[in-house]
Amino acid sequence: MNLNLVILIPLIPLLVFLVLGLFYKKIKPAVSGYIGVLGLLFSTGLALYTAYRYFIAIGKTEGVYKTIVEKTVWMNFTDSLRIDMGILLDPIAVMMLIVVSVISLMVHIYSRGYMKGDPGYTKYFAFLSLFTFSMYGLVLATNLFQIYIFWELVGVSSYLLIGYYYTKESAVAAAKKAFVVTRFADLGFLIGILIIGYYTGTYDFETLNNPEGNSILNWAATSFMGLSALTWALILIFIGGAGKSAMFPLHIWLPDAMEGPTPVSALIHAATMVVAGVYLVARLFPMYYFIEDGFALNIVAFIGAFTALFAAVIAITQTDIKRVLAFSTMSQLGYMMLALGVSGYDGHDGLGFMSSMFHLFTHAMFKALLFLCAGSVIHAIHSNYLKDMGGLRKYMPITNITFLIAALAIAGVPPLAGFWSKDEILVAAFEHSLFLYVVGLFVAGLTAFYIFRIYFGIFWGKEGNYKEKPHESPGSMTAPLLILALLSIFGGFIPFSEFISPDKSGFETHLNLPLAAVAVFAGLLGIVLSWIFYKKESKLADKFAKGFGAFYTWAYHKFYFDELYLFVTKRILFNGIARGAAKFDKKYVDGTMVGIGNQTVNTSEKIKGIQSGKVQDYAFAFIAGAVVLAIICIYLWLN
Amino acid sequence: MDILSLFIVLPVLTVLVLVFTKNLKQARIVAMAGSLAQLGMAINLIFAYLREIETNDAIMVFTKDVVWFKNFNIHYNIGVDGISVALLVLTAIVVLAGVFISWRMEDLPKEFFISLVVLSIGVYGFFISIDLFTMFVFFEIAVIPMYLLIGIWGTGPREFSAMKLTLMLMGASAVLLVGILGIYFNSGADGGALTFNILEIAKVNIPFEVQRLFFPITFIGFAVIGALFPFHTWSPDGHASAPTAVSMLHAGVLMKLGGYGVFRVAIYLLPEGALHWSWFFIILSAFGVIYGAFAAIKQTDLKYINAYSSVSHLGLVLFALLMLNKTAWNGAILQSLSHGFMTALFFALIGMIYGRTHTRDVTKLGGLLKVIPFISAVYVIAGLASLGLPGFSGFVAEMNIFVGAFENDNIFYRIGTVIAVSAIVVTAVYILRVVGIMLMGPVNNEAYLNLERVRWYEKLGIFLLLLPIIAIGVAPLWLSELILQSLDPFLKGVL
């Protein structure tokens with residue numbers, strides 16, 4: 001397979017970034033939008049071609065999809081450890097190429113309409129290209145350090161784009177928060193990489209993930225506090241992934257990240273960057289599965305399940321539609337982690353892994369669609385809040401229909417995309433643990449409920465108090481909506497298990513009818529309840545909320561995690577340790593040095609009188625000294 | 001004239017010409033021409049060096065040896081390896097950038113540029129010396145002009161700061177001299193003549209008791225100028241009072257003498273002492289890394305923030321040197337270079353901001369991205385580089401340090417490493433805090449709306465410093481190999 005074309009996929013957005021960044025002032029805004037879209041169009045074409053070549057034209061050799069790697073040395077650490085830069089193609093990498101390309105292209109097209117007239121238009125497209133480049137690099141990484149490098153780069157692109165409206169205090173704070181929280185998680189990632197590098201002598205995914213390789217076979221060789229060193233490394237790496245994928249308790253940055261422009265939220269904080277954590281675990285899946293009998297994998301499963309539930313509960317109570325979608329994203333990411341956590345390795349056992357990747361794919365489509373619809377609504381009425389919305393279906397028919405399709409997809413209504421992937425996650429959970437299955441099923445119901453709550457709230461119910469008549473968005477914005485809607489409808493029919501499985505050989509899946517029926521029932525129940533509560537203006541919802549009392553208030557305040565973090569960072573780290581360090585430095589460390597200096601000056605001040613310059617004084621001192629010396633000499637002589 | 005002595009002669013000539021200049025225009029042209037030629041020579045030296053080592057496998061190449069004080073066997077003995085070549089280039093770039101940044105130095109321009117160039121003579125000489133005593137002399141030549149530069153052209157409590165800085169560094173010099181003499185008087189341990197020649201001393205088996213006594217003395221003597229906790233407090237006040245170009249040179253180059261000296265003298269000549277004492281200085285330096293970072297969070301003066309940031313970043317250099325393996329050493333040198341460029345860039349930018357707004361208090365500044373976009377954008381880039389973002393030199397250096405530190409399989413080293421690594425989070429906090437308060441947000445003072453845009457000479461200075469940061473960060477291989485191949489001799493003693 002010709003990798004020269006594949007390498008162009010990331011390089012084109014990089015080039016676009018450099019051109020837009022360096023000739024920032026000379027390029028007209030309209031032109032920069034075209035450059036961005038055109039570049040992405042090329043990349044997307046190449047990505048689709050690559051996928052076609054990889055999955056169909058070349059296909060399996062001896063029943064497995066081969067991993068294709070090409071790399072070059074970037075930096076040497078020791079004789080064995082080094083950082084390579086290169087390209088790795090395997091089923092999940094190729095699948096991710098498509099996800100990143102398609103969503104990024106849609107967002108690029110959409111942004112041309114959404115950001116029209118914005119003073120930083122060129123800068124916006126430059127950052128978008130930077131992000132896309134970094135995300136491609138992350139997806140194609142051949143080793144742990146390469147993925148870490150691009151991991152940081154997507155983080156900084158996210159920082160720049162969240163803080164895009166940089167004159168707004170809240171956007172600046174949100175950008176900083178996102179960067180610092182994920183950086184804290186990356187600390188775990190980095191230490192995990194260091195551990196793996198030291199104990200296995202390599203960062204290469206191919207070598208690490210080889211089930212017959214040293215790193216997996218000899219995992220028990222070293223232990224630390226009851227677990228093998230590699231298990232610790234995997235847990236630490238998962239912390240990194242949990243930070244990016246907004247898993248509890250490192251989720252607090254994601255809701256605030258909604259301060260960025262809405263297309264950015266669709267691209268980065270719904271479809272691509274936030275799934276990097278899921279992708280990371282999937283990338284190292286053989287290690288997670290084989291080392292210490294999947295100890296670290298169990299953590300992944302439980303954190304995933306808990307996050308799915310936790311976020312879904314909060315999503316019900318939020319009133320900012322973008323935040324509802326943010327918590328929904330968290331919840332769906334939890335699903336993906338859960339699915340990875342319950343997965344096996346061989347053949348049909350790999351259902352969890354497959355369904356996780358499947359859900360990543362379908363979720364990218366319908367969640368990006370939901371965000372772009374939300375953007376369309378916000379664009380029309382200039383507010384994020386449900387209370388300002390209502391009855392918009394008359395004014396925005398396309399947005400209404402596409403939002404409905406996405407909502408049905410996420411609610412798991414057949415035959416839309418979300419149904420297929422979610423159903424398989426639930427089957428995988430059911431085969432692994434009844435408890436996790438029940439949690440997953442409950443979350444499915446909650447999902448349908450909260451998404452239709454905002455759907456009805458936006459498009460049905462009483463009309464908001466609009467200053468000017470809301471209007472449908474321009475074609476550049478609705479076209480991506482329609483394309484994504486098509487993908488949300490038909491995306492589920494792709495026979496994913498043929499292409500993607502942990503052992504890369506593929507397997508057949510069949511619909512598990514009873515389980516599917518239960519899942520669909522849960523989804524429909526959620527929709528119906530939501531219809532009763534929210535379709536018309538009714539007091540029912542408020543009454544219900546009051547019924548939950550304190551629990552509702554807690555959920556509304558996101559269980560006070562922001563406050564907890566604020567307390568720890570502001571009070572303890574900044575005002576305690578940082579201020580303490582600054583004061584300690586001034587008062588004691590510097591004080592000692594200055595004190596020594598002052599003491600010297602004081603001493604010299606006191607004794608300087610001796611050097612008075614008066615001959616009489618010197619004569620006195622001379623004679624006194626001579627007398628003392630004489631006495632000493634006589635004393636010594638006498639003895 | 002040999003290729004290395006030119007590094008001393010050319011600045012001396014520059015100074016001589018500067019003496020005859022009459023005004024700012026002439027002085028800055030001469031200073032620029034001199035430092036430009038110096039940079040050309042430094043870049044030429046890289047290629048000459050690469051050619052030379054293909055045929056010459058001596059530890060130091062381009063050596064020249066002249067006796068200048070026979071009684072004590074003191075030589076003018078010079079030579080370079082990959083490490084010193086890299087640091088010479090760093091010096092040449094920072095000096096040239098400093099000249100550009102001082103393009104409009106109105107008070108006593110001639111004297112200012114003379115002091116600046118004299119300072120650089122000391123630094124160049126230090127990096128090419130093989131003779132301990134000559135090295136010490138150049139060290140002093142570099143420190144003395146600092147007093148004048150801060151005391152005369154500084155701001156705020158400049159006399160106090162200048163005095164404090166000079167006294168602390170002189171105090172350290174006294175300690176260092178004890179260490180150097182200690183090494184000298186034991187350089188005959190194998191029966192040879194006493195010598196100051198580093199390469200000769202490295203071959204001598206200095207008794208362990210002597211190494212144990214003189215390692216900490218030499219280490220501290222050098223490390224004070226490398227901002228080792230708790231001897232770093234000269235640096236915040238010194239930087240705050242110093243004029244821009246001096247801060248740049250000081251933090252960018254002068255503080256590197258510390259790490260270089262520790263490596264070239266203390267660790268190379270007293271390896272057993274290093275093995276014996278490393279635990280103690282690892283504690284100090286690892287603590288300094290995290291302590292400096294935390295102290296930087298609560299500062300309000302931009303220069304103080306950068307000074308504490310330097311304590312943290314240079315703590316990492318000493319920390320890495322004490323890890324006593326090639327990967328970490330490579331990281332230490334890379335970090336020295338990277339910090340040199342980054343911190344010089346920071347001080348240059350701070351100078352530009354201060355020159356326009358007349359304040360360095362972050363709480364008084366706001367929304368600068370809107371009014372001086374170029375300077376602010378570069379500040380963001382410098383900040384990202386400083387917090388170790390991949391694609392910039394800091395990342396390359398830090399990763400070498402961390403991987404190298406992790407090679408030591410021992411719980412003490414592991415804890416130290418984790419502490420040092422965790423500074424990457426704290427660094428992000430203090431960098432983004434400044435970016436958030438000062439550059440982003442609404443413009444908080446109407447006077448800022450008409451700030452002067454960036455001037456061409458400022459742009460030149462910025463590009464000179466930014467280019468290597470990106471070049472090293474994007475393609476680190478050539479530089480890290482250049483350094484790596486010079487590290488083997490150092491390894492002999494500590495294995």
# chains A, B, ... in the order shown; residues from 1 in each chain; ligands from 1
>>> interface_residues(of="chain B", to="chain A", cutoff="7 Å", atoms="only C-alpha atoms", output="PyMOL selection string")
chain B and resi 230+233+291+294-295+297-298+327+367+389-390+400+403+406-407+422+425+428-429+432+436+440-442+475-477
>>> write_last_selection(atoms="N, CA and C atoms", output="short mmCIF file (atom, residue, chain, number, x, y, z; two decimals), in the first residue's frame")
data_model
loop_
_atom_site.label_atom_id
_atom_site.label_comp_id
_atom_site.auth_asym_id
_atom_site.auth_seq_id
_atom_site.Cartn_x
_atom_site.Cartn_y
_atom_site.Cartn_z
N PRO B 230 18.84 26.66 47.94
CA PRO B 230 18.27 27.94 48.34
C PRO B 230 19.16 29.15 48.01
N THR B 233 18.18 33.46 45.36
CA THR B 233 17.41 34.69 45.57
C THR B 233 18.04 35.93 44.96
N TYR B 291 9.31 23.97 43.74
CA TYR B 291 9.21 25.17 44.56
C TYR B 291 9.20 26.43 43.71
N PHE B 294 5.83 26.70 41.98
CA PHE B 294 4.75 27.17 42.85
C PHE B 294 4.93 28.65 43.21
N ALA B 295 6.19 29.03 43.47
CA ALA B 295 6.42 30.43 43.82
C ALA B 295 6.05 31.35 42.66
N ILE B 297 3.59 31.04 40.67
CA ILE B 297 2.14 31.21 40.52
C ILE B 297 1.66 32.50 41.16
N LYS B 298 2.25 32.85 42.30
CA LYS B 298 1.69 33.96 43.06
C LYS B 298 2.39 35.28 42.82
N THR B 327 21.36 9.84 28.84
CA THR B 327 20.08 10.39 28.40
C THR B 327 19.73 11.65 29.18
N GLY B 367 -5.92 42.30 28.13
CA GLY B 367 -6.37 42.40 26.76
C GLY B 367 -5.32 42.83 25.75
N LEU B 389 5.41 22.20 25.50
CA LEU B 389 4.55 21.68 24.45
C LEU B 389 5.40 21.05 23.35
N PRO B 390 5.00 19.87 22.87
CA PRO B 390 5.73 19.25 21.78
C PRO B 390 5.78 20.19 20.57
N ASN B 400 13.95 13.98 27.49
CA ASN B 400 15.24 13.34 27.72
C ASN B 400 15.54 13.26 29.21
N VAL B 403 13.07 10.58 30.86
CA VAL B 403 13.41 9.20 30.50
C VAL B 403 14.74 8.83 31.15
N PHE B 406 14.40 8.19 34.78
CA PHE B 406 13.71 6.94 35.06
C PHE B 406 14.61 5.72 34.88
N GLU B 407 15.78 5.93 34.25
CA GLU B 407 16.70 4.81 34.09
C GLU B 407 17.27 4.35 35.44
N SER B 422 5.97 16.32 37.90
CA SER B 422 4.70 16.97 38.20
C SER B 422 4.79 18.49 38.04
N VAL B 425 2.65 20.33 35.35
CA VAL B 425 1.29 20.83 35.56
C VAL B 425 1.33 22.23 36.16
N ALA B 428 2.18 24.82 33.70
CA ALA B 428 1.02 25.19 32.88
C ALA B 428 0.17 26.21 33.61
N VAL B 429 0.03 26.05 34.93
CA VAL B 429 -0.82 26.96 35.68
C VAL B 429 -0.27 28.38 35.64
N LEU B 432 -0.36 29.89 31.96
CA LEU B 432 -1.69 30.22 31.44
C LEU B 432 -2.35 31.30 32.28
N GLY B 436 -3.82 34.38 30.47
CA GLY B 436 -5.23 34.70 30.68
C GLY B 436 -5.45 36.12 31.18
N MET B 440 -5.32 37.96 27.32
CA MET B 440 -6.71 37.79 26.96
C MET B 440 -7.57 38.72 27.81
N GLY B 441 -8.87 38.52 27.71
CA GLY B 441 -9.77 39.39 28.46
C GLY B 441 -9.92 40.73 27.76
N PRO B 442 -10.79 41.58 28.31
CA PRO B 442 -10.99 42.89 27.70
C PRO B 442 -9.80 43.82 27.99
N ALA B 475 12.76 19.20 14.85
CA ALA B 475 13.74 18.21 14.39
C ALA B 475 14.90 18.14 15.36
N PRO B 476 14.74 17.45 16.45
CA PRO B 476 15.77 17.46 17.50
C PRO B 476 16.96 16.55 17.22
N LEU B 477 16.83 15.69 16.22
CA LEU B 477 17.80 14.61 16.11
C LEU B 477 19.25 15.10 15.98
#
>>> residues_around(residues="region 204-207 of chain A", least_positions_apart="5", cutoff="7 Å", atoms="only C-alpha atoms", output="PyMOL selection string")
chain A and resi 142-144+213
>>> write_last_selection(atoms="N, CA and C atoms", output="CSV table (one decimal), in the first residue's frame")
chain,number,residue,atom,x,y,z
A,142,THR,N,2.6,5.7,15.7
A,142,THR,CA,3.1,4.3,15.7
A,142,THR,C,3.6,3.9,17.1
A,143,ASN,N,3.7,4.9,18.0
A,143,ASN,CA,4.3,4.5,19.3
A,143,ASN,C,3.7,5.5,20.4
A,144,LEU,N,4.0,5.1,21.6
A,144,LEU,CA,3.4,5.8,22.7
A,144,LEU,C,3.8,7.3,22.8
A,213,GLY,N,4.5,-11.3,22.6
A,213,GLY,CA,5.7,-10.6,22.8
A,213,GLY,C,6.1,-10.5,24.3
>>> residues_around(residues="Phe69 (chain B)", least_positions_apart="2", cutoff="12 Å", atoms="only C-alpha atoms", output="list in words")
Val66, Val67, Asn71, Phe72, Asn73, Ile74, His75, Tyr76, Asn77, Asp131, Phe133, Thr134, Thr195 and Phe196 of chain B
>>> residues_around(residues="Leu322 (chain B)", least_positions_apart="5", cutoff="10 Å", atoms="only C-alpha atoms", output="PyMOL selection string")
chain B and resi 262-263+267+274-275+277-282+285+316-317+328-329+332+405
>>> write_last_selection(atoms="N, CA and C atoms", output="PDB file, in the first residue's frame")
ATOM      1  N   VAL B 262      29.176  22.798  36.574  1.00  0.00           N
ATOM      2  CA  VAL B 262      28.907  21.619  37.387  1.00  0.00           C
ATOM      3  C   VAL B 262      29.265  20.365  36.605  1.00  0.00           C
ATOM      4  N   PHE B 263      28.872  20.364  35.338  1.00  0.00           N
ATOM      5  CA  PHE B 263      29.090  19.178  34.525  1.00  0.00           C
ATOM      6  C   PHE B 263      30.564  19.002  34.188  1.00  0.00           C
ATOM      7  N   ILE B 267      31.320  17.217  38.086  1.00  0.00           N
ATOM      8  CA  ILE B 267      30.973  15.818  37.817  1.00  0.00           C
ATOM      9  C   ILE B 267      32.080  15.110  37.039  1.00  0.00           C
ATOM     10  N   ALA B 274      30.597  12.875  43.111  1.00  0.00           N
ATOM     11  CA  ALA B 274      29.243  13.047  42.594  1.00  0.00           C
ATOM     12  C   ALA B 274      28.367  11.871  43.006  1.00  0.00           C
ATOM     13  N   LEU B 275      28.897  10.663  42.860  1.00  0.00           N
ATOM     14  CA  LEU B 275      28.117   9.488  43.254  1.00  0.00           C
ATOM     15  C   LEU B 275      27.776   9.533  44.736  1.00  0.00           C
ATOM     16  N   TRP B 277      27.552  12.249  46.715  1.00  0.00           N
ATOM     17  CA  TRP B 277      26.715  13.366  47.156  1.00  0.00           C
ATOM     18  C   TRP B 277      25.434  13.553  46.363  1.00  0.00           C
ATOM     19  N   SER B 278      25.275  12.801  45.269  1.00  0.00           N
ATOM     20  CA  SER B 278      24.181  13.130  44.361  1.00  0.00           C
ATOM     21  C   SER B 278      22.829  13.157  45.078  1.00  0.00           C
ATOM     22  N   TRP B 279      22.622  12.221  46.013  1.00  0.00           N
ATOM     23  CA  TRP B 279      21.318  12.166  46.688  1.00  0.00           C
ATOM     24  C   TRP B 279      20.947  13.499  47.305  1.00  0.00           C
ATOM     25  N   PHE B 280      21.945  14.157  47.915  1.00  0.00           N
ATOM     26  CA  PHE B 280      21.646  15.399  48.620  1.00  0.00           C
ATOM     27  C   PHE B 280      21.250  16.501  47.648  1.00  0.00           C
ATOM     28  N   PHE B 281      22.002  16.617  46.568  1.00  0.00           N
ATOM     29  CA  PHE B 281      21.703  17.694  45.619  1.00  0.00           C
ATOM     30  C   PHE B 281      20.479  17.367  44.765  1.00  0.00           C
ATOM     31  N   ILE B 282      20.173  16.069  44.635  1.00  0.00           N
ATOM     32  CA  ILE B 282      18.933  15.720  43.939  1.00  0.00           C
ATOM     33  C   ILE B 282      17.741  16.236  44.740  1.00  0.00           C
ATOM     34  N   SER B 285      17.624  20.019  44.207  1.00  0.00           N
ATOM     35  CA  SER B 285      17.230  20.480  42.878  1.00  0.00           C
ATOM     36  C   SER B 285      15.793  20.072  42.554  1.00  0.00           C
ATOM     37  N   LEU B 316      15.822  21.793  37.018  1.00  0.00           N
ATOM     38  CA  LEU B 316      15.720  20.574  36.226  1.00  0.00           C
ATOM     39  C   LEU B 316      17.066  20.225  35.569  1.00  0.00           C
ATOM     40  N   VAL B 317      17.819  21.261  35.190  1.00  0.00           N
ATOM     41  CA  VAL B 317      19.136  20.997  34.588  1.00  0.00           C
ATOM     42  C   VAL B 317      20.043  20.314  35.608  1.00  0.00           C
ATOM     43  N   ALA B 328      19.896  11.566  30.497  1.00  0.00           N
ATOM     44  CA  ALA B 328      19.559  12.714  31.331  1.00  0.00           C
ATOM     45  C   ALA B 328      20.525  13.865  31.068  1.00  0.00           C
ATOM     46  N   TRP B 329      21.788  13.535  30.867  1.00  0.00           N
ATOM     47  CA  TRP B 329      22.765  14.608  30.581  1.00  0.00           C
ATOM     48  C   TRP B 329      22.415  15.317  29.281  1.00  0.00           C
ATOM     49  N   ALA B 332      19.840  17.565  30.009  1.00  0.00           N
ATOM     50  CA  ALA B 332      20.292  18.735  30.763  1.00  0.00           C
ATOM     51  C   ALA B 332      20.868  19.780  29.821  1.00  0.00           C
ATOM     52  N   ALA B 405      16.080  10.120  33.867  1.00  0.00           N
ATOM     53  CA  ALA B 405      15.920   9.987  35.318  1.00  0.00           C
ATOM     54  C   ALA B 405      15.268   8.656  35.660  1.00  0.00           C
TER      55      ALA B 405
END
>>> residues_around(residues="Gly36 (chain A)", least_positions_apart="6", cutoff="9 Å", atoms="only C-alpha atoms", output="list in words")
Pro13, Val16, Phe17, Leu20, Leu105, His108, Ile109, Phe125, Ala126, Leu128 and Ser129 of chain A
>>> write_last_selection(atoms="N, CA and C atoms", output="compact mmCIF listing (two decimals), in the first residue's frame")
# COMPACT_ATOMS: atom_id res chain seq x y z
N PRO A 13 -3.57 19.56 6.18
CA PRO A 13 -4.03 20.54 7.18
C PRO A 13 -2.88 21.30 7.82
N VAL A 16 -2.06 24.01 5.50
CA VAL A 16 -3.10 25.05 5.57
C VAL A 16 -2.87 25.91 6.81
N PHE A 17 -2.57 25.25 7.92
CA PHE A 17 -2.32 26.00 9.16
C PHE A 17 -1.17 26.98 8.98
N LEU A 20 -2.17 29.86 6.57
CA LEU A 20 -3.10 30.81 7.20
C LEU A 20 -2.44 31.55 8.35
N LEU A 105 -14.46 17.94 8.02
CA LEU A 105 -14.90 18.57 6.77
C LEU A 105 -16.27 19.24 6.97
N HIS A 108 -15.84 22.32 8.95
CA HIS A 108 -15.23 23.38 8.15
C HIS A 108 -16.29 24.07 7.29
N ILE A 109 -17.10 23.25 6.61
CA ILE A 109 -18.12 23.83 5.72
C ILE A 109 -19.11 24.66 6.55
N PHE A 125 -9.89 29.47 11.23
CA PHE A 125 -9.62 28.36 10.32
C PHE A 125 -8.21 27.82 10.49
N ALA A 126 -7.28 28.71 10.85
CA ALA A 126 -5.91 28.23 11.10
C ALA A 126 -5.91 27.27 12.28
N LEU A 128 -8.41 25.56 13.43
CA LEU A 128 -9.14 24.36 13.06
C LEU A 128 -8.23 23.40 12.30
N SER A 129 -7.42 23.95 11.41
CA SER A 129 -6.50 23.10 10.65
C SER A 129 -5.43 22.52 11.56
>>> select_by_dssp(residues="region 337-388 of chain B", states="alpha helix (DSSP H)", output="VMD selection string")
chain B and resid 337 to 357 368 to 371 373 to 386
>>> write_last_selection(atoms="N, CA and C atoms", output="short mmCIF file (atom, residue, chain, number, x, y, z; two decimals), in the first residue's frame")
data_model
loop_
_atom_site.label_atom_id
_atom_site.label_comp_id
_atom_site.auth_asym_id
_atom_site.auth_seq_id
_atom_site.Cartn_x
_atom_site.Cartn_y
_atom_site.Cartn_z
N LEU B 337 20.06 24.87 26.67
CA LEU B 337 19.90 25.62 25.43
C LEU B 337 18.48 26.14 25.30
N SER B 338 17.54 25.22 25.50
CA SER B 338 16.15 25.57 25.31
C SER B 338 15.74 26.68 26.27
N HIS B 339 16.14 26.56 27.52
CA HIS B 339 15.81 27.60 28.48
C HIS B 339 16.48 28.90 28.11
N GLY B 340 17.70 28.80 27.59
CA GLY B 340 18.41 30.00 27.17
C GLY B 340 17.62 30.79 26.14
N PHE B 341 17.18 30.10 25.12
CA PHE B 341 16.40 30.79 24.08
C PHE B 341 15.06 31.29 24.62
N MET B 342 14.38 30.41 25.35
CA MET B 342 13.02 30.75 25.78
C MET B 342 13.01 31.91 26.75
N THR B 343 13.92 31.85 27.71
CA THR B 343 13.87 32.86 28.74
C THR B 343 14.36 34.20 28.18
N ALA B 344 15.31 34.15 27.25
CA ALA B 344 15.74 35.38 26.60
C ALA B 344 14.57 35.98 25.83
N LEU B 345 13.83 35.11 25.17
CA LEU B 345 12.67 35.58 24.42
C LEU B 345 11.65 36.20 25.37
N PHE B 346 11.42 35.53 26.49
CA PHE B 346 10.47 36.06 27.48
C PHE B 346 10.89 37.44 27.96
N PHE B 347 12.16 37.57 28.31
CA PHE B 347 12.61 38.86 28.83
C PHE B 347 12.53 39.93 27.76
N ALA B 348 12.82 39.53 26.51
CA ALA B 348 12.70 40.50 25.43
C ALA B 348 11.26 40.98 25.32
N LEU B 349 10.32 40.05 25.38
CA LEU B 349 8.91 40.41 25.25
C LEU B 349 8.45 41.25 26.43
N ILE B 350 8.92 40.85 27.63
CA ILE B 350 8.55 41.63 28.81
C ILE B 350 9.07 43.06 28.67
N GLY B 351 10.29 43.17 28.14
CA GLY B 351 10.85 44.50 27.91
C GLY B 351 9.99 45.31 26.96
N MET B 352 9.51 44.66 25.90
CA MET B 352 8.68 45.38 24.94
C MET B 352 7.36 45.81 25.57
N ILE B 353 6.78 44.91 26.37
CA ILE B 353 5.51 45.25 27.00
C ILE B 353 5.72 46.39 28.00
N TYR B 354 6.81 46.27 28.76
CA TYR B 354 7.10 47.30 29.77
C TYR B 354 7.40 48.64 29.10
N GLY B 355 8.13 48.59 28.02
CA GLY B 355 8.46 49.82 27.31
C GLY B 355 7.21 50.54 26.81
N ARG B 356 6.15 49.79 26.55
CA ARG B 356 4.94 50.40 26.01
C ARG B 356 3.93 50.79 27.09
N THR B 357 3.80 49.91 28.09
CA THR B 357 2.75 50.16 29.09
C THR B 357 3.31 50.75 30.37
N LEU B 368 -4.05 42.54 26.05
CA LEU B 368 -3.00 43.02 25.15
C LEU B 368 -3.06 42.39 23.76
N LEU B 369 -3.67 41.18 23.68
CA LEU B 369 -3.77 40.54 22.36
C LEU B 369 -4.46 41.44 21.35
N LYS B 370 -5.36 42.22 21.87
CA LYS B 370 -6.14 43.08 20.99
C LYS B 370 -5.30 44.27 20.49
N VAL B 371 -4.42 44.79 21.34
CA VAL B 371 -3.73 46.02 20.98
C VAL B 371 -2.31 45.83 20.44
N PRO B 373 -0.97 42.72 18.94
CA PRO B 373 -1.19 41.31 18.64
C PRO B 373 0.08 40.52 18.39
N PHE B 374 1.04 41.12 17.70
CA PHE B 374 2.24 40.34 17.36
C PHE B 374 3.00 39.96 18.62
N ILE B 375 3.29 40.94 19.45
CA ILE B 375 4.05 40.67 20.68
C ILE B 375 3.28 39.68 21.55
N SER B 376 1.96 39.88 21.64
CA SER B 376 1.17 39.00 22.50
C SER B 376 1.15 37.58 21.96
N ALA B 377 1.00 37.44 20.64
CA ALA B 377 0.96 36.10 20.08
C ALA B 377 2.28 35.38 20.32
N VAL B 378 3.39 36.11 20.17
CA VAL B 378 4.68 35.48 20.44
C VAL B 378 4.79 35.12 21.92
N TYR B 379 4.22 35.96 22.77
CA TYR B 379 4.24 35.64 24.20
C TYR B 379 3.51 34.33 24.45
N VAL B 380 2.37 34.15 23.79
CA VAL B 380 1.63 32.89 23.95
C VAL B 380 2.49 31.72 23.47
N ILE B 381 3.14 31.91 22.32
CA ILE B 381 3.99 30.83 21.80
C ILE B 381 5.12 30.53 22.77
N ALA B 382 5.78 31.59 23.27
CA ALA B 382 6.86 31.38 24.22
C ALA B 382 6.34 30.67 25.45
N GLY B 383 5.14 31.04 25.88
CA GLY B 383 4.55 30.39 27.05
C GLY B 383 4.32 28.92 26.79
N LEU B 384 3.77 28.61 25.64
CA LEU B 384 3.52 27.21 25.31
C LEU B 384 4.82 26.44 25.24
N ALA B 385 5.86 27.08 24.67
CA ALA B 385 7.16 26.42 24.62
C ALA B 385 7.67 26.18 26.02
N SER B 386 7.46 27.16 26.89
CA SER B 386 7.98 27.05 28.25
C SER B 386 7.27 25.96 29.03
#
>>> residues_around(residues="Leu515 (chain A)", least_positions_apart="3", cutoff="9 Å", atoms="only C-alpha atoms", output="PyMOL selection string")
chain A and resi 423+426-427+430+511-512+518-520
>>> closest_residue(among="B:Val178, B:Val289, B:Val95, B:Ile462", to="Val246 (chain B)", atoms="only C-alpha atoms")
B:Val95
>>> residues_around(residues="Lys110 (chain B)", least_positions_apart="6", cutoff="7 Å", atoms="only C-alpha atoms", output="list in words")
Leu18, Thr21, Asn23, Leu24 and Ala27 of chain B
>>> write_last_selection(atoms="N, CA and C atoms", output="mmCIF file, in the first residue's frame")
data_model
loop_
_atom_site.group_PDB
_atom_site.id
_atom_site.type_symbol
_atom_site.label_atom_id
_atom_site.label_comp_id
_atom_site.auth_asym_id
_atom_site.auth_seq_id
_atom_site.Cartn_x
_atom_site.Cartn_y
_atom_site.Cartn_z
ATOM 1 N N LEU B 18 34.188 50.240 19.672
ATOM 2 C CA LEU B 18 33.104 50.920 20.384
ATOM 3 C C LEU B 18 33.608 52.140 21.138
ATOM 4 N N THR B 21 33.238 55.225 19.179
ATOM 5 C CA THR B 21 31.954 55.655 18.633
ATOM 6 C C THR B 21 31.465 56.867 19.384
ATOM 7 N N ASN B 23 27.959 58.196 19.167
ATOM 8 C CA ASN B 23 26.561 58.275 19.582
ATOM 9 C C ASN B 23 25.886 56.912 19.461
ATOM 10 N N LEU B 24 24.604 56.895 19.780
ATOM 11 C CA LEU B 24 23.864 55.639 19.781
ATOM 12 C C LEU B 24 23.918 54.970 18.423
ATOM 13 N N ALA B 27 27.247 53.392 17.857
ATOM 14 C CA ALA B 27 27.510 52.316 18.809
ATOM 15 C C ALA B 27 26.712 51.071 18.456
#
